[in-house]
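Source file: run-v6.txt (compact mmCIF, C-alpha atoms)
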```
# COMPACT_ATOMS: atom_id res chain seq x y z
CA MET A 1 55.33 157.03 124.43
CA THR A 2 58.66 157.62 122.81
CA ILE A 3 60.16 154.79 120.83
CA GLY A 4 63.69 154.68 119.59
CA SER A 5 66.69 156.77 120.65
CA PRO A 6 68.96 153.71 120.53
CA LYS A 7 72.21 154.27 122.36
CA VAL A 8 75.49 152.39 122.59
CA ARG A 9 78.28 153.36 124.93
CA VAL A 10 81.81 151.95 124.71
CA PRO A 11 84.90 152.89 126.77
CA LYS A 12 85.85 156.49 125.96
CA ASP A 13 89.57 155.95 126.29
CA PRO A 14 91.66 153.62 124.13
CA VAL A 15 91.83 150.07 125.42
CA LYS A 16 94.43 147.36 124.97
CA LYS A 17 94.02 144.44 122.60
CA GLY A 18 92.63 141.53 124.56
CA ASP A 19 90.96 143.69 127.20
CA LEU A 20 87.45 142.77 128.25
CA VAL A 21 85.41 145.93 127.86
CA ILE A 22 81.88 146.76 128.91
CA ILE A 23 79.34 147.87 126.32
CA LYS A 24 76.20 149.60 127.56
CA THR A 25 73.10 149.93 125.43
CA MET A 26 69.67 151.42 125.87
CA ILE A 27 66.59 152.07 123.82
CA GLN A 28 63.26 153.74 124.49
CA HIS A 29 60.55 151.14 124.03
CA PRO A 30 57.25 150.36 125.84
CA MET A 31 57.97 146.61 125.99
CA GLU A 32 54.27 145.83 126.20
CA SER A 33 53.85 142.13 126.88
CA GLY A 34 50.30 141.85 125.57
CA LEU A 35 49.24 140.60 128.99
CA ARG A 36 48.63 143.88 130.74
CA LYS A 37 45.23 145.49 131.15
CA ASP A 38 44.79 149.20 130.78
CA LYS A 39 43.88 150.53 134.23
CA ASP A 40 41.18 152.88 132.92
CA THR A 41 39.54 150.93 130.12
CA GLY A 42 40.14 147.40 131.40
CA GLU A 43 41.19 146.35 127.94
CA ILE A 44 44.31 144.34 127.15
CA VAL A 45 47.13 146.51 125.90
CA PRO A 46 48.40 144.90 122.68
CA ALA A 47 51.85 143.35 122.65
CA HIS A 48 54.61 145.63 121.39
CA HIS A 49 58.11 144.72 122.43
CA VAL A 50 61.64 144.22 121.20
CA VAL A 51 62.16 140.64 120.00
CA SER A 52 65.86 140.64 119.18
CA VAL A 53 69.05 142.51 119.95
CA LYS A 54 72.21 141.81 117.98
CA ALA A 55 75.69 143.23 118.48
CA VAL A 56 78.35 142.99 115.77
CA TYR A 57 82.01 143.79 116.38
CA ASN A 58 84.99 143.01 114.18
CA ASP A 59 82.58 141.41 111.65
CA LYS A 60 81.34 138.93 114.24
CA LEU A 61 77.99 138.55 115.96
CA VAL A 62 79.30 138.74 119.51
CA LEU A 63 75.87 138.90 121.13
CA ASP A 64 72.55 137.62 119.80
CA ALA A 65 69.62 138.09 122.16
CA VAL A 66 65.97 137.03 122.03
CA TRP A 67 63.64 139.11 124.19
CA THR A 68 60.05 138.62 125.25
CA GLY A 69 57.62 141.11 126.73
CA ALA A 70 58.98 140.25 130.19
CA VAL A 71 62.02 142.46 129.61
CA SER A 72 61.48 145.82 131.34
CA LYS A 73 60.46 148.90 129.38
CA ASN A 74 63.11 151.24 128.01
CA PRO A 75 65.44 148.27 128.16
CA TYR A 76 69.03 148.57 129.26
CA LEU A 77 71.47 145.88 128.17
CA GLY A 78 75.06 145.76 129.26
CA PHE A 79 77.51 143.16 127.99
CA HIS A 80 81.23 142.54 127.69
CA LEU A 81 83.43 141.74 124.75
CA ARG A 82 87.11 141.21 124.12
CA ALA A 83 88.73 144.13 122.32
CA GLU A 84 90.59 142.98 119.21
CA LYS A 85 91.08 146.03 117.05
CA THR A 86 89.73 149.51 116.54
CA GLY A 87 86.24 149.35 115.11
CA PRO A 88 82.58 149.93 115.72
CA VAL A 89 80.24 147.94 117.92
CA GLU A 90 77.00 147.94 115.95
CA VAL A 91 73.81 147.12 117.80
CA THR A 92 70.45 146.39 116.13
CA TRP A 93 67.13 146.11 117.94
CA LYS A 94 64.04 144.71 116.22
CA ASP A 95 60.52 144.75 117.58
CA ASP A 96 57.42 142.67 116.91
CA LYS A 97 56.04 145.28 114.53
CA GLY A 98 59.09 144.95 112.31
CA GLN A 99 60.63 148.21 113.38
CA GLU A 100 64.40 148.26 113.43
CA PHE A 101 66.73 150.52 115.36
CA LYS A 102 70.50 150.79 115.06
CA ALA A 103 73.28 152.47 116.94
CA ALA A 104 77.06 152.16 116.81
CA GLU A 105 80.11 153.40 118.68
CA THR A 106 83.76 152.75 117.97
CA ILE A 107 86.15 150.99 120.31
CA THR A 108 89.67 152.34 120.00
CA VAL A 109 92.40 149.78 120.53
CA ALA A 110 95.73 151.45 121.21
CA MET B 1 66.11 111.94 131.07
CA GLU B 2 63.88 114.86 131.80
CA ASN B 3 63.03 113.43 135.18
CA LYS B 4 66.72 113.55 135.99
CA ASP B 5 66.74 117.21 135.09
CA ILE B 6 64.02 117.87 137.58
CA LEU B 7 66.01 116.11 140.25
CA ALA B 8 69.15 117.97 139.33
CA MET B 9 67.37 121.27 139.84
CA ASN B 10 65.73 120.16 143.05
CA ARG B 11 68.60 118.36 144.67
CA ARG B 12 70.17 121.57 145.88
CA GLY B 13 67.07 122.29 147.88
CA PHE B 14 65.29 124.68 145.60
CA PHE B 15 61.76 124.31 146.70
CA ARG B 16 59.67 123.79 143.72
CA SER B 17 56.80 121.41 143.81
CA VAL B 18 56.35 119.46 140.65
CA GLY B 19 52.68 118.71 140.69
CA ALA B 20 50.70 116.33 138.57
CA ALA B 21 50.99 118.65 135.60
CA GLY B 22 54.77 118.71 135.88
CA ILE B 23 55.01 114.95 135.89
CA ALA B 24 52.71 114.77 132.91
CA VAL B 25 55.06 117.14 131.13
CA ALA B 26 58.05 115.00 131.99
CA VAL B 27 56.60 111.78 130.66
CA GLY B 28 54.20 113.05 128.06
CA SER B 29 56.53 115.50 126.34
CA THR B 30 53.84 116.99 124.14
CA MET B 31 54.10 120.75 124.20
CA ALA B 32 50.52 121.20 123.06
CA ALA B 33 49.19 119.77 126.29
CA LEU B 34 51.06 122.21 128.47
CA PRO B 35 49.22 124.72 130.56
CA GLY B 36 50.39 128.14 129.45
CA THR B 37 50.60 129.68 132.85
CA ALA B 38 51.72 127.08 135.36
CA SER B 39 55.20 126.84 136.78
CA ALA B 40 54.99 123.12 136.13
CA ASN B 41 56.10 123.62 132.55
CA ILE B 42 59.45 125.17 133.46
CA ASP B 43 61.42 122.02 132.74
CA ALA B 44 59.90 121.78 129.28
CA LEU B 45 60.65 125.46 128.64
CA ILE B 46 64.24 124.99 129.73
CA ALA B 47 64.63 121.95 127.49
CA GLU B 48 63.15 123.93 124.63
CA GLN B 49 65.85 126.58 125.05
CA VAL B 50 68.94 124.53 125.81
CA GLY B 51 68.01 120.96 125.01
CA PRO B 52 67.87 117.99 127.34
CA GLY B 53 70.59 117.15 129.82
CA THR B 54 71.52 117.27 133.46
CA ILE B 55 71.90 120.75 134.82
CA THR B 56 74.80 121.32 137.20
CA MET B 57 74.14 124.12 139.65
CA ASP B 58 77.51 125.73 139.12
CA LYS B 59 79.48 128.48 137.34
CA ILE B 60 76.75 131.13 137.25
CA THR B 61 76.97 134.18 139.49
CA LEU B 62 73.97 136.44 139.90
CA ASP B 63 74.49 138.97 142.63
CA ILE B 64 71.10 140.44 143.47
CA PRO B 65 69.09 140.92 146.66
CA ASP B 66 66.43 138.42 147.81
CA LYS B 67 63.82 141.14 147.60
CA ALA B 68 62.87 143.28 144.63
CA GLU B 69 61.20 146.56 145.53
CA ASN B 70 59.81 147.05 142.06
CA GLY B 71 58.74 144.03 140.03
CA ALA B 72 58.58 146.14 136.88
CA MET B 73 62.35 146.51 136.88
CA VAL B 74 64.42 143.76 138.46
CA ARG B 75 68.12 144.10 137.73
CA ILE B 76 69.66 140.86 136.45
CA PRO B 77 73.46 140.83 136.26
CA ILE B 78 74.67 137.44 135.01
CA VAL B 79 78.27 136.25 135.01
CA VAL B 80 79.18 132.77 133.80
CA ASN B 81 82.54 131.69 135.14
CA HIS B 82 83.60 129.61 132.17
CA PRO B 83 86.32 129.92 129.50
CA MET B 84 85.40 131.49 126.17
CA GLU B 85 87.84 129.61 123.96
CA PRO B 86 87.29 128.36 120.40
CA ASN B 87 86.54 124.80 121.49
CA ASN B 88 85.22 125.46 124.96
CA TYR B 89 82.77 128.28 125.45
CA ILE B 90 79.30 129.21 126.62
CA GLU B 91 77.03 129.47 123.60
CA LYS B 92 73.72 130.30 125.24
CA VAL B 93 72.18 131.68 128.41
CA ALA B 94 68.42 131.59 129.01
CA VAL B 95 66.44 133.29 131.78
CA PHE B 96 63.11 132.20 133.31
CA VAL B 97 60.70 133.51 135.95
CA ASP B 98 58.48 130.62 137.07
CA GLU B 99 55.48 132.63 138.21
CA ASN B 100 55.27 134.97 135.25
CA PRO B 101 52.38 134.31 132.84
CA LYS B 102 55.07 133.48 130.27
CA PRO B 103 58.09 132.17 132.21
CA PHE B 104 60.65 132.41 129.41
CA VAL B 105 62.09 135.92 129.60
CA ALA B 106 65.14 136.14 127.35
CA SER B 107 68.03 134.24 125.81
CA TYR B 108 71.51 135.36 124.85
CA ASN B 109 73.82 133.64 122.37
CA PHE B 110 77.57 134.05 122.47
CA ILE B 111 80.68 133.10 120.50
CA PRO B 112 84.25 132.68 121.76
CA GLU B 113 85.03 136.22 120.56
CA SER B 114 82.44 137.53 123.01
CA GLY B 115 85.28 137.13 125.48
CA GLN B 116 83.19 136.73 128.62
CA VAL B 117 79.58 136.06 129.53
CA ASN B 118 78.96 139.08 131.70
CA ILE B 119 75.67 140.75 130.94
CA GLU B 120 73.10 142.85 132.71
CA PHE B 121 69.51 143.62 131.87
CA ARG B 122 66.21 144.22 133.68
CA LEU B 123 63.11 142.09 133.73
CA LYS B 124 59.53 142.13 135.01
CA MET B 125 58.29 139.87 137.76
CA ALA B 126 54.54 139.54 138.25
CA LYS B 127 55.00 138.36 141.84
CA THR B 128 57.36 136.51 144.16
CA SER B 129 58.92 133.74 142.12
CA MET B 130 61.85 131.51 141.45
CA LEU B 131 64.27 133.08 139.00
CA ARG B 132 66.25 130.61 136.91
CA VAL B 133 69.23 130.99 134.63
CA VAL B 134 70.56 128.13 132.52
CA ALA B 135 73.79 128.25 130.51
CA LYS B 136 74.80 125.83 127.78
CA SER B 137 78.36 125.21 126.61
CA ASN B 138 79.27 124.40 123.02
CA THR B 139 79.79 120.80 124.10
CA GLY B 140 76.29 120.62 125.54
CA SER B 141 77.11 120.93 129.24
CA LEU B 142 74.33 122.69 131.15
CA PHE B 143 74.86 124.95 134.16
CA GLY B 144 72.11 126.41 136.29
CA PHE B 145 71.33 129.03 138.87
CA SER B 146 68.10 129.64 140.73
CA LYS B 147 66.97 131.91 143.49
CA LYS B 148 63.66 132.88 145.02
CA ILE B 149 63.06 136.59 144.62
CA GLU B 150 60.44 138.26 146.75
CA VAL B 151 58.56 140.97 144.92
CA ALA B 152 57.08 143.79 146.99
CA GLU B 153 55.09 145.23 144.13
CA GLY B 154 54.56 143.28 140.93
CA GLY B 155 55.45 144.52 137.50
CA CYS B 156 52.76 144.26 134.89
CA ALA B 157 54.36 141.30 133.67
CA GLY B 158 55.26 139.36 130.91
```
Using structure tokens, write down the structure that the file contains.
Amino acid sequence: MTIGSPKVRVPKDPVKKGDLVIIKTMIQHPMESGLRKDKDTGEIVPAHHVVSVKAVYNDKLVLDAVWTGAVSKNPYLGFHLRAEKTGPVEVTWKDDKGQEFKAAETITVA
Amino acid sequence: MENKDILAMNRRGFFRSVGAAGIAVAVGSTMAALPGTASANIDALIAEQVGPGTITMDKITLDIPDKAENGAMVRIPIVVNHPMEPNNYIEKVAVFVDENPKPFVASYNFIPESGQVNIEFRLKMAKTSMLRVVAKSNTGSLFGFSKKIEVAEGGCAG
């Protein structure tokens, strides 16, 4: 299946300093837990899932997540942050095979 | 101390039976002896994520239905009603599903600049289970939420 296509979405319009804004993220990933059996072969499907998600804004790690294989596939993550100044929200996903994915979008503070 | 935690979680009437294994966990405190799949180890898993302490069932809002149609994708919107100020903020939120083969699902760390703990993600539930969320403040206060979620069709879980 497809892996990657990391996406970050921030408010399109300028926001005010101090506003709480919603950040929406998504990535294509199988999120195999290593506990599931293949329906046809009966064999365990090896683990392959995102283990961490980090979001940096204004030089600060505003969200630092640890994920297990119990997070749903093609995982969506929405979170909030307080807008301080115009700048990118940079999100990095890492999986248990060492693959890294990044995406960024800029918040505009009017 | 850990026995108190169990009581704190149960006092609000969340029906969880701590069996012999659970009590062994509470007094024995050796992780190696834990069964990997039983719900009895939830208290130890919670302590592993947020440390020991009494959990107050307060401040966490999780607005989801009692029934999940699809266990492969259960929407989990978490709001912690707590200030996010330099000396008084929520630093961690951890999520557990008791009946999953591995109950610890995810954790999220925050800083005051996060502004608000208001997140949403989706998780897998193998079957009907208690869902638990525990939040820890920078001063070590623990807040909890739990709810039984009925799963119509289990997700190939995690």
Next on the checklist: Quick check: residues of chain B within 12 Å of chain A, only C-alpha atoms, returned as a PyMOL selection string.
Outcome noted: chain B and resi 37+49+70-80+84-85+90-126+154-158
Hey, can I get the axis-aligned box for range 53-65 of chain A? All listed atoms, 8 Å padding on each side, centre and edge lengths in Å to one decimal, as lines of an AutoDock Vina configuration file.
```
center_x = 77.0
center_y = 140.7
center_z = 116.9
size_x = 31.9
size_y = 22.2
size_z = 26.5
```
Checklist entry - For Val50 in chain B, which residue among B:Lys136, B:His82, B:Lys148, B:Lys127 is the nearest when counting all atoms listed in the file? => result B:Lys136
Next on the checklist: What does the structure give for the distance between CA of Asp95 in chain A and CA of Pro11 in chain A, in Å to one decimal?
Outcome noted: 27.3 Å
Next on the checklist: Using Å and a single decimal, report how far CA of Lys94 in chain A sits from CA of Lys12 in chain A.
Outcome noted: 26.6 Å
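CA of Ile149 in chain B sits 22.2 Å away from CA of Asn81 in chain B.
Shortest atom-to-atom contact with Ser5 in chain A among A:Thr92, A:Lys17, A:Asp40, A:Gln28: A:Gln28, counting all atoms listed in the file.
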Item to check | Contacts of Asp58 in chain B at 8 Å (all atoms listed in the file; same-chain gap of 6+ positions) as a ChimeraX atom specification | outcome: /B:143-145
Item to check | Spatial neighbours of Asp96 in chain A, 8 Å, only C-alpha atoms, chain gap at least 6 places, as a ChimeraX atom specification | outcome: /A:48-51
Next on the checklist: Nearest residue to Gly4 in chain A out of A:Val45, A:Val109, A:Ala103, A:Gly87, using only C-alpha atoms?
Outcome noted: A:Ala103
Item to check | Within-7 Å shell of (83.9, 152.7, 123.4) in input frame, all atoms listed in the file, as number ranges by chain | outcome: A: 9-12, 105-108
Just write the chosen residues, C-alpha atoms, as a PDB file, keeping the file's coordinate frame.
```pdb
ATOM      1  CA  ARG A   9      78.280 153.360 124.930  1.00  0.00           C
ATOM      2  CA  VAL A  10      81.810 151.950 124.710  1.00  0.00           C
ATOM      3  CA  PRO A  11      84.900 152.890 126.770  1.00  0.00           C
ATOM      4  CA  LYS A  12      85.850 156.490 125.960  1.00  0.00           C
ATOM      5  CA  GLU A 105      80.110 153.400 118.680  1.00  0.00           C
ATOM      6  CA  THR A 106      83.760 152.750 117.970  1.00  0.00           C
ATOM      7  CA  ILE A 107      86.150 150.990 120.310  1.00  0.00           C
ATOM      8  CA  THR A 108      89.670 152.340 120.000  1.00  0.00           C
TER       9      THR A 108
END
```
Item to check | Point (85.8, 124.9, 121.5) neighbourhood (8 Å, only C-alpha atoms) written as number ranges by chain | outcome: B: 85-89, 112, 138-139
